[in-house]
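This is input16.tsv. It holds TSV, C-alpha atoms.
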```
chain	number	residue	atom	x	y	z
A	1	MET	CA	-19.91	-8.82	10.23
A	2	ASP	CA	-21.23	-8.19	13.74
A	3	THR	CA	-22.36	-4.74	14.82
A	4	ILE	CA	-19.04	-3.60	16.25
A	5	GLN	CA	-17.10	-4.78	13.22
A	6	GLN	CA	-19.57	-2.98	10.96
A	7	ALA	CA	-19.23	0.21	13.00
A	8	LEU	CA	-15.43	0.01	12.91
A	9	ALA	CA	-15.42	-0.56	9.15
A	10	GLU	CA	-17.78	2.40	8.72
A	11	ARG	CA	-15.49	4.59	10.79
A	12	ALA	CA	-12.46	3.54	8.73
A	13	ALA	CA	-14.39	4.37	5.56
A	14	GLU	CA	-15.35	7.74	7.03
A	15	GLN	CA	-11.68	8.53	7.71
A	16	GLN	CA	-10.78	7.66	4.10
A	17	ARG	CA	-13.46	10.03	2.76
A	18	HIS	CA	-11.73	13.00	4.42
A	19	HIS	CA	-8.55	12.72	2.37
A	20	GLY	CA	-8.45	14.64	-0.88
A	21	LYS	CA	-7.17	12.97	-4.02
A	22	ALA	CA	-4.45	15.63	-4.31
A	23	LEU	CA	-2.63	14.28	-1.25
A	24	PHE	CA	-2.20	10.88	-2.88
A	25	PHE	CA	-0.92	12.44	-6.10
A	26	TRP	CA	1.63	14.46	-4.11
A	27	VAL	CA	2.85	11.32	-2.32
A	28	TRP	CA	3.06	9.46	-5.66
A	29	GLY	CA	5.01	12.35	-7.20
A	30	ALA	CA	7.41	12.43	-4.23
A	31	LEU	CA	7.99	8.67	-4.53
A	32	LEU	CA	8.71	8.94	-8.25
A	33	ALA	CA	11.03	11.91	-7.67
A	34	MET	CA	13.01	10.01	-5.04
A	35	THR	CA	13.29	7.03	-7.38
A	36	ALA	CA	14.62	9.36	-10.09
A	37	ILE	CA	17.23	10.72	-7.63
A	38	GLU	CA	18.30	7.17	-6.77
A	39	VAL	CA	18.78	6.28	-10.44
A	40	TYR	CA	20.62	9.56	-11.09
A	41	LEU	CA	23.04	8.78	-8.24
A	42	THR	CA	23.72	5.35	-9.75
A	43	TYR	CA	25.14	7.06	-12.84
A	44	GLN	CA	27.41	9.33	-10.74
A	45	HIS	CA	29.92	6.56	-9.80
A	46	MET	CA	29.86	7.39	-6.08
A	47	GLN	CA	31.72	5.51	-3.36
A	48	PRO	CA	29.68	2.41	-2.43
A	49	LYS	CA	29.46	3.40	1.25
A	50	SER	CA	28.08	6.91	0.62
A	51	MET	CA	25.85	5.53	-2.13
A	52	LEU	CA	24.41	2.87	0.20
A	53	THR	CA	23.80	5.44	2.95
A	54	ILE	CA	21.90	7.78	0.63
A	55	LEU	CA	19.93	4.97	-1.06
A	56	MET	CA	18.87	3.45	2.26
A	57	GLY	CA	17.95	6.89	3.60
A	58	LEU	CA	15.74	7.54	0.57
A	59	SER	CA	14.25	4.03	0.80
A	60	LEU	CA	13.31	4.62	4.43
A	61	ILE	CA	11.61	7.92	3.53
A	62	LYS	CA	9.74	6.17	0.68
A	63	ALA	CA	8.72	3.35	3.02
A	64	ALA	CA	7.45	5.88	5.59
A	65	LEU	CA	5.37	7.65	2.91
A	66	ILE	CA	3.85	4.39	1.68
A	67	ILE	CA	3.07	3.11	5.18
A	68	GLY	CA	1.82	6.46	6.46
A	69	TYR	CA	-0.32	7.66	3.56
A	70	PHE	CA	-1.05	4.74	1.20
A	71	MET	CA	-1.41	2.15	3.97
A	72	HIS	CA	-3.15	4.75	6.09
A	73	LEU	CA	-1.20	4.00	9.28
A	74	LYS	CA	-0.78	7.73	9.98
A	75	TYR	CA	-4.51	7.89	10.68
A	76	GLU	CA	-4.79	4.78	12.86
A	77	VAL	CA	-4.91	4.87	16.67
A	78	SER	CA	-1.56	5.31	18.45
A	79	ARG	CA	-1.61	1.77	19.86
A	80	MET	CA	-1.79	0.31	16.34
A	81	LYS	CA	1.02	2.54	15.05
A	82	TRP	CA	3.43	1.92	17.89
A	83	LEU	CA	2.86	-1.81	18.30
A	84	THR	CA	3.19	-2.63	14.59
A	85	MET	CA	6.20	-0.43	13.86
A	86	CYS	CA	8.10	-1.12	17.09
A	87	SER	CA	7.79	-4.90	16.72
A	88	VAL	CA	9.10	-4.94	13.12
A	89	VAL	CA	11.90	-2.46	13.82
A	90	ALA	CA	12.97	-4.42	16.92
A	91	CYS	CA	13.19	-7.68	14.91
A	92	LEU	CA	15.16	-6.01	12.11
A	93	ILE	CA	17.57	-4.43	14.62
A	94	LEU	CA	18.13	-7.87	16.18
A	95	MET	CA	18.91	-9.32	12.72
A	96	THR	CA	21.35	-6.47	12.07
A	97	ILE	CA	23.13	-6.97	15.39
A	98	PHE	CA	23.58	-10.68	14.79
A	99	PHE	CA	24.32	-10.87	11.03
A	100	PHE	CA	26.53	-7.98	10.01
A	101	PRO	CA	29.40	-8.16	12.49
A	102	ASP	CA	29.75	-11.80	11.45
A	103	ALA	CA	29.87	-10.93	7.74
A	104	ARG	CA	32.63	-8.36	8.44
A	105	ARG	CA	34.51	-10.91	10.56
A	106	ILE	CA	34.65	-13.27	7.56
A	107	ILE	CA	36.40	-10.60	5.48
A	108	ASP	CA	38.82	-9.80	8.32
A	109	LEU	CA	39.73	-13.49	8.55
A	110	GLY	CA	40.59	-13.41	4.87
A	111	VAL	CA	38.22	-16.18	3.83
A	112	LYS	CA	37.75	-16.08	0.08
B	1	MET	CA	-8.72	9.12	17.60
B	2	ALA	CA	-11.72	8.69	19.90
B	3	ASP	CA	-13.23	5.25	20.32
B	4	SER	CA	-16.26	6.59	22.21
B	5	GLY	CA	-19.52	5.50	20.71
B	6	LEU	CA	-18.14	2.21	19.53
B	7	HIS	CA	-17.89	0.99	23.12
B	8	ASP	CA	-21.60	1.61	23.62
B	9	ILE	CA	-22.62	-0.80	20.87
B	10	PRO	CA	-23.95	-3.97	22.51
B	11	SER	CA	-22.06	-7.07	21.46
B	12	VAL	CA	-20.76	-10.28	22.93
B	13	TYR	CA	-17.26	-9.27	21.83
B	14	GLU	CA	-14.87	-6.84	23.48
B	15	PRO	CA	-14.21	-3.60	21.61
B	16	SER	CA	-11.19	-3.66	19.33
B	17	LEU	CA	-7.93	-2.80	21.09
B	18	PHE	CA	-6.62	-1.20	17.88
B	19	GLY	CA	-9.76	0.76	17.04
B	20	THR	CA	-10.32	-0.96	13.73
B	21	TYR	CA	-12.02	-4.05	12.31
B	22	SER	CA	-10.50	-7.49	12.71
B	23	LYS	CA	-9.93	-8.21	8.98
B	24	LYS	CA	-7.61	-5.21	8.83
B	25	ILE	CA	-5.78	-6.20	12.02
B	26	GLY	CA	-5.41	-9.72	10.61
B	27	MET	CA	-3.87	-8.37	7.41
B	28	TRP	CA	-1.50	-6.11	9.37
B	29	LEU	CA	-0.36	-9.10	11.45
B	30	PHE	CA	0.23	-11.12	8.26
B	31	LEU	CA	2.18	-8.24	6.73
B	32	LEU	CA	4.33	-7.90	9.86
B	33	SER	CA	5.27	-11.56	9.66
B	34	ASP	CA	5.83	-11.29	5.89
B	35	SER	CA	8.08	-8.27	6.39
B	36	LEU	CA	10.33	-10.49	8.50
B	37	THR	CA	10.45	-13.05	5.66
B	38	PHE	CA	11.58	-10.37	3.24
B	39	GLY	CA	13.83	-8.87	5.92
B	40	ALA	CA	15.59	-12.23	6.27
B	41	LEU	CA	16.01	-12.53	2.48
B	42	LEU	CA	17.35	-8.98	2.17
B	43	TYR	CA	19.73	-9.62	5.07
B	44	ALA	CA	20.91	-12.86	3.43
B	45	TYR	CA	21.62	-10.94	0.21
B	46	SER	CA	23.44	-8.16	2.08
B	47	TYR	CA	25.38	-10.67	4.21
B	48	GLY	CA	26.53	-12.46	1.06
B	49	ARG	CA	27.55	-9.18	-0.50
B	50	ILE	CA	29.57	-8.00	2.51
B	51	SER	CA	31.30	-11.33	3.07
B	52	THR	CA	32.16	-11.92	-0.62
B	53	PRO	CA	34.94	-9.58	-1.82
B	54	ASP	CA	34.43	-10.32	-5.55
B	55	TRP	CA	30.66	-9.81	-5.53
B	56	PRO	CA	29.51	-9.30	-9.15
B	57	THR	CA	27.92	-6.10	-10.46
B	58	PRO	CA	26.09	-7.50	-13.47
B	59	PHE	CA	23.38	-4.92	-14.14
B	60	HIS	CA	24.10	-2.84	-17.23
B	61	SER	CA	22.30	0.36	-18.08
B	62	GLU	CA	19.60	-1.62	-19.91
B	63	SER	CA	18.76	-3.59	-16.74
B	64	ILE	CA	18.73	-0.43	-14.62
B	65	ILE	CA	16.30	1.27	-17.03
B	66	ASN	CA	14.11	-1.85	-17.06
B	67	ALA	CA	14.07	-1.98	-13.24
B	68	THR	CA	13.29	1.75	-13.06
B	69	ILE	CA	10.26	1.27	-15.33
B	70	MET	CA	9.21	-1.67	-13.14
B	71	THR	CA	9.46	0.62	-10.08
B	72	ALA	CA	7.36	3.27	-11.82
B	73	PHE	CA	4.73	0.59	-12.61
B	74	LEU	CA	4.56	-0.46	-8.95
B	75	LEU	CA	4.39	3.11	-7.63
B	76	THR	CA	1.63	3.94	-10.11
B	77	SER	CA	-0.23	0.78	-9.12
B	78	SER	CA	-0.14	1.96	-5.49
B	79	LEU	CA	-1.73	5.25	-6.55
B	80	THR	CA	-4.49	3.48	-8.51
B	81	MET	CA	-5.04	1.16	-5.53
B	82	VAL	CA	-5.52	4.11	-3.20
B	83	LEU	CA	-8.01	5.57	-5.70
B	84	ALA	CA	-9.84	2.21	-5.78
B	85	VAL	CA	-10.15	2.28	-1.97
B	86	ARG	CA	-11.38	5.86	-2.14
B	87	ALA	CA	-13.96	4.95	-4.79
B	88	SER	CA	-15.14	1.98	-2.71
B	89	VAL	CA	-15.70	4.05	0.46
B	90	ASN	CA	-17.61	6.57	-1.64
B	91	GLY	CA	-19.82	3.73	-2.90
B	92	ASP	CA	-18.76	4.20	-6.53
B	93	SER	CA	-18.52	0.55	-7.55
B	94	LYS	CA	-17.82	1.26	-11.23
B	95	ALA	CA	-14.82	3.50	-10.44
B	96	GLN	CA	-13.68	1.00	-7.83
B	97	ARG	CA	-13.61	-1.81	-10.39
B	98	LEU	CA	-11.85	0.36	-12.97
B	99	TRP	CA	-9.12	1.46	-10.53
B	100	LEU	CA	-8.67	-2.13	-9.37
B	101	LEU	CA	-8.28	-3.25	-12.99
B	102	ALA	CA	-5.76	-0.42	-13.55
B	103	THR	CA	-3.81	-1.65	-10.52
B	104	MET	CA	-3.85	-5.19	-11.90
B	105	LEU	CA	-2.65	-3.91	-15.27
B	106	CYS	CA	0.33	-2.12	-13.68
B	107	GLY	CA	1.09	-5.25	-11.60
B	108	THR	CA	0.95	-7.42	-14.72
B	109	GLY	CA	3.28	-4.98	-16.50
B	110	PHE	CA	5.71	-5.32	-13.62
B	111	ILE	CA	5.60	-9.14	-13.80
B	112	ILE	CA	6.15	-9.18	-17.58
B	113	LEU	CA	9.13	-6.80	-17.37
B	114	HIS	CA	10.58	-8.77	-14.48
B	115	GLY	CA	10.11	-12.03	-16.37
B	116	ARG	CA	11.88	-10.52	-19.38
B	117	GLU	CA	14.78	-9.43	-17.15
B	118	TRP	CA	15.07	-12.91	-15.61
B	119	SER	CA	14.99	-14.57	-19.04
B	120	LYS	CA	17.73	-12.25	-20.31
B	121	LEU	CA	19.98	-12.96	-17.31
B	122	ILE	CA	19.38	-16.72	-17.56
B	123	ALA	CA	20.18	-16.65	-21.31
B	124	GLU	CA	23.45	-14.87	-20.47
B	125	GLY	CA	24.44	-17.63	-18.05
B	126	LEU	CA	23.25	-16.36	-14.65
B	127	THR	CA	21.37	-19.41	-13.46
B	128	LEU	CA	20.66	-21.81	-10.62
B	129	PRO	CA	21.44	-25.55	-10.66
B	130	MET	CA	17.69	-26.25	-10.50
B	131	PHE	CA	16.96	-24.30	-13.70
B	132	PRO	CA	17.05	-26.32	-16.95
B	133	THR	CA	19.95	-25.59	-19.28
B	134	VAL	CA	19.19	-23.11	-22.04
B	135	PRO	CA	19.83	-24.82	-25.40
B	136	GLY	CA	22.56	-23.21	-27.48
B	137	GLN	CA	23.99	-21.31	-24.52
B	138	GLU	CA	27.65	-20.57	-25.12
B	139	ALA	CA	30.24	-21.50	-22.51
B	140	ASN	CA	31.64	-17.96	-22.64
B	141	SER	CA	28.33	-16.21	-21.92
B	142	GLU	CA	28.75	-13.14	-19.71
B	143	PHE	CA	27.53	-14.60	-16.42
B	144	VAL	CA	28.62	-18.25	-16.66
B	145	ASN	CA	31.63	-17.55	-14.44
B	146	VAL	CA	29.51	-15.58	-11.98
B	147	SER	CA	27.26	-18.60	-11.42
B	148	LYS	CA	30.31	-20.82	-10.91
B	149	ASN	CA	32.53	-18.54	-8.81
B	150	VAL	CA	29.95	-16.68	-6.72
B	151	PRO	CA	26.93	-19.00	-6.52
B	152	GLN	CA	25.58	-16.94	-3.60
B	153	PHE	CA	24.76	-14.13	-6.03
B	154	ALA	CA	22.40	-16.14	-8.23
B	155	ALA	CA	20.89	-17.92	-5.20
B	156	THR	CA	20.10	-14.74	-3.28
B	157	PHE	CA	19.12	-12.74	-6.39
B	158	PHE	CA	16.65	-15.33	-7.71
B	159	GLY	CA	15.44	-16.17	-4.18
B	160	LEU	CA	14.70	-12.57	-3.26
B	161	THR	CA	13.29	-11.31	-6.55
B	162	GLY	CA	11.44	-14.60	-7.15
B	163	MET	CA	9.72	-14.35	-3.76
B	164	HIS	CA	8.73	-10.78	-4.57
B	165	MET	CA	7.47	-11.73	-8.04
B	166	LEU	CA	5.36	-14.47	-6.45
B	167	HIS	CA	3.87	-11.90	-4.06
B	168	VAL	CA	3.05	-9.52	-6.93
B	169	THR	CA	1.44	-12.39	-8.90
B	170	LEU	CA	-0.68	-13.41	-5.90
B	171	GLY	CA	-1.54	-9.74	-5.35
B	172	VAL	CA	-2.84	-9.39	-8.92
B	173	ILE	CA	-4.93	-12.55	-8.42
B	174	TYR	CA	-6.24	-11.26	-5.06
B	175	LEU	CA	-7.30	-7.97	-6.67
B	176	GLY	CA	-8.84	-9.88	-9.59
B	177	VAL	CA	-11.02	-11.87	-7.21
B	178	VAL	CA	-12.07	-8.72	-5.31
B	179	ALA	CA	-12.83	-6.83	-8.54
B	180	LEU	CA	-14.43	-9.53	-10.69
B	181	ARG	CA	-15.23	-12.40	-8.28
B	182	ARG	CA	-16.26	-15.59	-10.17
B	183	LYS	CA	-15.76	-13.97	-13.56
B	184	PHE	CA	-12.03	-13.84	-12.80
B	185	ILE	CA	-11.59	-17.64	-12.65
B	186	PRO	CA	-11.83	-18.30	-16.43
B	187	ILE	CA	-9.53	-15.30	-17.05
B	188	LEU	CA	-7.02	-16.82	-14.63
B	189	LEU	CA	-7.23	-20.19	-16.38
B	190	VAL	CA	-6.63	-18.55	-19.77
B	191	CYS	CA	-3.61	-16.70	-18.30
B	192	TRP	CA	-2.29	-20.03	-17.00
B	193	LEU	CA	-2.61	-21.67	-20.42
B	194	VAL	CA	-1.00	-18.72	-22.21
B	195	ALA	CA	1.90	-18.60	-19.70
B	196	TRP	CA	2.39	-22.37	-19.78
B	197	LEU	CA	2.15	-22.92	-23.52
B	198	GLY	CA	3.73	-19.60	-24.47
B	199	THR	CA	7.01	-20.15	-22.64
B	200	PRO	CA	9.74	-22.55	-23.80
B	201	SER	CA	10.18	-25.74	-21.74
B	202	TYR	CA	13.62	-24.65	-20.48
B	203	SER	CA	12.24	-21.42	-18.98
B	204	PRO	CA	11.56	-21.39	-15.21
B	205	PHE	CA	8.30	-19.61	-16.06
B	206	HIS	CA	7.12	-22.72	-17.95
B	207	TYR	CA	6.62	-24.60	-14.70
B	208	GLY	CA	6.25	-21.42	-12.59
B	209	ALA	CA	3.03	-20.75	-14.55
B	210	HIS	CA	1.37	-23.56	-12.59
B	211	VAL	CA	1.10	-21.10	-9.67
B	212	LEU	CA	-1.79	-19.62	-11.69
B	213	LEU	CA	-3.50	-23.01	-11.93
B	214	ILE	CA	-3.12	-23.64	-8.19
B	215	ALA	CA	-4.42	-20.12	-7.50
B	216	ALA	CA	-7.42	-20.75	-9.81
B	217	ILE	CA	-8.28	-23.93	-7.89
B	218	VAL	CA	-7.93	-22.23	-4.49
B	219	CYS	CA	-9.97	-19.20	-5.62
B	220	THR	CA	-12.70	-21.46	-7.01
B	221	ILE	CA	-12.96	-23.29	-3.68
B	222	ILE	CA	-13.04	-20.01	-1.72
B	223	LEU	CA	-15.65	-18.41	-3.99
B	224	TRP	CA	-17.75	-21.60	-3.97
B	225	LEU	CA	-17.62	-21.97	-0.16
B	226	LYS	CA	-18.15	-18.30	0.62
B	227	PRO	CA	-19.67	-16.37	-2.27
B	228	LYS	CA	-19.98	-12.70	-1.35
B	229	VAL	CA	-19.93	-9.17	-2.67
B	230	TYR	CA	-16.71	-7.57	-1.51
B	231	ASP	CA	-17.29	-4.29	0.33
B	232	SER	CA	-15.03	-1.30	1.02
B	233	SER	CA	-13.35	-3.02	3.97
B	234	ASP	CA	-12.30	-5.91	1.69
B	235	VAL	CA	-10.91	-3.47	-0.86
B	236	GLU	CA	-9.01	-1.62	1.87
B	237	VAL	CA	-7.51	-4.86	3.21
B	238	ALA	CA	-6.51	-5.94	-0.33
B	239	GLY	CA	-4.95	-2.50	-0.73
B	240	LEU	CA	-2.82	-3.02	2.40
B	241	TYR	CA	-1.37	-6.17	0.83
B	242	TRP	CA	-0.72	-4.43	-2.47
B	243	HIS	CA	1.04	-1.45	-0.87
B	244	PHE	CA	3.21	-3.83	1.13
B	245	VAL	CA	4.41	-5.49	-2.08
B	246	ASP	CA	5.28	-2.02	-3.39
B	247	LEU	CA	7.03	-1.18	-0.11
B	248	VAL	CA	9.28	-4.25	-0.26
B	249	TRP	CA	10.36	-3.34	-3.80
B	250	MET	CA	11.51	0.07	-2.52
B	251	PHE	CA	14.30	-1.82	-0.72
B	252	ILE	CA	14.99	-4.52	-3.34
B	253	PHE	CA	15.42	-2.01	-6.18
B	254	PRO	CA	18.29	0.02	-4.64
B	255	LEU	CA	19.95	-2.87	-2.78
B	256	VAL	CA	19.92	-5.43	-5.58
B	257	TYR	CA	19.90	-3.39	-8.78
B	258	LEU	CA	21.34	0.06	-8.10
B	259	MET	CA	24.12	-1.17	-5.78
B	260	SER	CA	25.14	-3.81	-8.37
B	261	ALA	CA	25.01	-1.57	-11.42
B	262	LYS	CA	27.74	-1.74	-14.05
B	263	ILE	CA	27.55	1.68	-15.66
B	264	LEU	CA	30.41	2.32	-18.07
```

Take the structure from the file and write it as structure tokens.
Amino acid sequence: MDTIQQALAERAAEQQRHHGKALFFWVWGALLAMTAIEVYLTYQHMQPKSMLTILMGLSLIKAALIIGYFMHLKYEVSRMKWLTMCSVVACLILMTIFFFPDARRIIDLGVK
Amino acid sequence: MADSGLHDIPSVYEPSLFGTYSKKIGMWLFLLSDSLTFGALLYAYSYGRISTPDWPTPFHSESIINATIMTAFLLTSSLTMVLAVRASVNGDSKAQRLWLLATMLCGTGFIILHGREWSKLIAEGLTLPMFPTVPGQEANSEFVNVSKNVPQFAATFFGLTGMHMLHVTLGVIYLGVVALRRKFIPILLVCWLVAWLGTPSYSPFHYGAHVLLIAAIVCTIILWLKPKVYDSSDVEVAGLYWHFVDLVWMFIFPLVYLMSAKIL
């Protein structure tokens, strides 16, 4: 590693040292609790649409916790956070716009 | 987050735009591209589900419990991975190795449970044309009609979960190399032999086990060409990959298992 790379790695390590272990245990507990809620809802025979909305909402919160705390993105510079998240979200939105209306159209046409 | 100080270090390179070292940026870029791969697979599954009115819901309570335990294994492995990174930045190499091994253990538990689930579904008739026929399988097995009438289900289910299982397997190998370096190669070869000889010839895992052999060859070449002691930055980068695998499962679990549950 050259000097700058070494310094950057050292700084990243320094940031990691500031987090207490307790924070990670809280995040882990929250993730397990949300998983338990998801499984509980499965046994409640809910309408698929409401079920999907709640499950995806919980999954997004779980994803945010993993990315923010476990993957440490919360503590990166703003440029890193915005560029990485915006690019992925933009691509996924594009996929949604193109795929799902077409899937619905197939049902409306009555294709079995 | 101030970058001052880093800019004053003399170097032929420009300072990092993202304020971190290039290995980490490289891994983030790989993960972004990989998230689109999984995004496409999840969209394909969801597209199939929306456009197929008689989409099957084959997962009984037993499968849901199995998948929940698998989720708990992955979440716990993420915690142990974070603790490994923490130990590595604190210079505690013994704790680092132990936490990495704990992470590998949880990952291996996930793979074994997932393999068991796949084998059960295949034995009950949910299969792909490329999978060998299970001897003694009855024509009225529960999922035989599912495979015939809604082939998209088996294709997207095995495609999505198989891709994820491959990522978890490669993640365990990656962590094994970081934790044990050359000592991990013979362990990997033993795992390959056990997986290959211990599975029946009609199981997809019988030939899938060769991934371990290929990985052992690739790891040997890498470790021979560039032998090194992995430092805290390597552990952190490996951790990013591992957490990503966990992250993807947070979407597969509800979309594939919980939304297709058959709870009576």

For Leu17 of chain B, list every protein, DNA or RNA residue within 10 Å, evaluated using only C-alpha atoms, and leave out those in the same chain fewer than 4 positions away; present the list as a list of chain:residue names.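 Surrounding residues, per the criterion: A:Val77, A:Arg79, A:Met80, B:Asp3, B:Tyr21, B:Ser22, B:Ile25.
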
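Of the listed residues B:Ala215, B:Met250, B:Met259, B:Val237, the one whose atoms come nearest to Met71 of chain A is B:Val237, with distances taken using all atoms listed in the file.
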
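Atom CA of Ala95 of chain B is positioned 27.5 Å from atom CA of Trp192 of chain B.
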
Nearest to Val134 of chain B, chosen from B:Ile122, B:Leu258, B:Val172, B:Val82, with all atoms listed in the file counted in the distances: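 Nearest candidate to Val134 of chain B out of B:Ile122, B:Leu258, B:Val172, B:Val82: B:Ile122.
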
Chain B residues near chain A within 8 Å, closest pair each, using all atoms listed in the file, as a tab-separated table:
```
residue	atom	partner	partner_atom	distance
B:Met1	CA	A:Val77	CA	5.8
B:Leu6	CA	A:Ile4	CA	6.7
B:Ile9	CA	A:Ile4	CA	6.5
B:Pro10	CA	A:Thr3	CA	7.9
B:Ser11	CA	A:Ile4	CA	7.0
B:Pro15	CA	A:Ile4	CA	7.2
B:Leu17	CA	A:Arg79	CA	7.9
B:Phe18	CA	A:Met80	CA	5.3
B:Gly19	CA	A:Val77	CA	6.4
B:Thr20	CA	A:Leu8	CA	5.3
B:Tyr21	CA	A:Gln5	CA	5.2
B:Ser22	CA	A:Gln5	CA	7.2
B:Trp28	CA	A:Thr84	CA	7.8
B:Leu32	CA	A:Val88	CA	6.5
B:Ser35	CA	A:Val88	CA	7.6
B:Leu36	CA	A:Val88	CA	7.3
B:Gly39	CA	A:Leu92	CA	6.9
B:Ala40	CA	A:Met95	CA	7.8
B:Tyr43	CA	A:Phe99	CA	7.6
B:Tyr47	CA	A:Ala103	CA	5.7
B:Gly48	CA	A:Ala103	CA	7.6
B:Ile50	CA	A:Ala103	CA	6.0
B:Ser51	CA	A:Ala103	CA	4.9
B:Thr52	CA	A:Lys112	CA	7.0
B:Pro53	CA	A:Lys112	CA	7.3
B:Ile64	CA	A:Val39	CA	7.9
B:Thr68	CA	A:Val39	CA	7.6
B:Thr71	CA	A:Thr35	CA	7.9
B:Ala72	CA	A:Leu32	CA	6.8
B:Leu75	CA	A:Trp28	CA	6.8
B:Thr76	CA	A:Trp28	CA	7.2
B:Ser78	CA	A:Phe70	CA	7.3
B:Leu79	CA	A:Trp28	CA	6.4
B:Val82	CA	A:Phe70	CA	6.3
B:Leu83	CA	A:Lys21	CA	7.6
B:Arg86	CA	A:Gln16	CA	6.5
B:Val89	CA	A:Ala13	CA	5.3
B:Asn90	CA	A:Arg17	CA	7.0
B:Ser232	CA	A:Ala13	CA	7.3
B:Ser233	CA	A:Ala9	CA	6.1
B:Gly239	CA	A:Met71	CA	7.5
B:Leu240	CA	A:Met71	CA	5.6
B:His243	CA	A:Met71	CA	6.5
B:Leu247	CA	A:Ala63	CA	5.8
B:Met250	CA	A:Ser59	CA	5.8
B:Phe251	CA	A:Ser59	CA	6.0
B:Pro254	CA	A:Leu55	CA	6.3
B:Leu255	CA	A:Leu52	CA	7.9
B:Leu258	CA	A:Thr42	CA	6.0
B:Met259	CA	A:Leu52	CA	7.2
B:Ala261	CA	A:Thr42	CA	7.2
B:Ile263	CA	A:Tyr43	CA	6.5
```

Can you take the partial segment 89-100 of chain A, add N, CA and C atoms, and return it as a compact mmCIF listing (two decimals), keeping the file's coordinate frame?
```
# COMPACT_ATOMS: atom_id res chain seq x y z
N VAL A 89 10.59 -3.11 13.71
CA VAL A 89 11.90 -2.46 13.82
C VAL A 89 12.78 -3.23 14.81
N ALA A 90 12.19 -3.67 15.92
CA ALA A 90 12.97 -4.42 16.92
C ALA A 90 13.54 -5.70 16.31
N CYS A 91 12.71 -6.43 15.53
CA CYS A 91 13.19 -7.68 14.91
C CYS A 91 14.30 -7.39 13.91
N LEU A 92 14.14 -6.33 13.11
CA LEU A 92 15.16 -6.01 12.11
C LEU A 92 16.46 -5.57 12.77
N ILE A 93 16.36 -4.84 13.90
CA ILE A 93 17.57 -4.43 14.62
C ILE A 93 18.29 -5.68 15.15
N LEU A 94 17.51 -6.63 15.68
CA LEU A 94 18.13 -7.87 16.18
C LEU A 94 18.88 -8.59 15.07
N MET A 95 18.25 -8.66 13.86
CA MET A 95 18.91 -9.32 12.72
C MET A 95 20.21 -8.59 12.39
N THR A 96 20.16 -7.25 12.40
CA THR A 96 21.35 -6.47 12.07
C THR A 96 22.47 -6.76 13.06
N ILE A 97 22.11 -6.76 14.35
CA ILE A 97 23.13 -6.97 15.39
C ILE A 97 23.80 -8.33 15.22
N PHE A 98 23.01 -9.34 14.86
CA PHE A 98 23.58 -10.68 14.79
C PHE A 98 24.32 -10.96 13.48
N PHE A 99 23.77 -10.48 12.34
CA PHE A 99 24.32 -10.87 11.03
C PHE A 99 25.57 -10.09 10.63
N PHE A 100 25.51 -8.76 10.69
CA PHE A 100 26.53 -7.98 10.01
C PHE A 100 27.92 -8.02 10.63
```
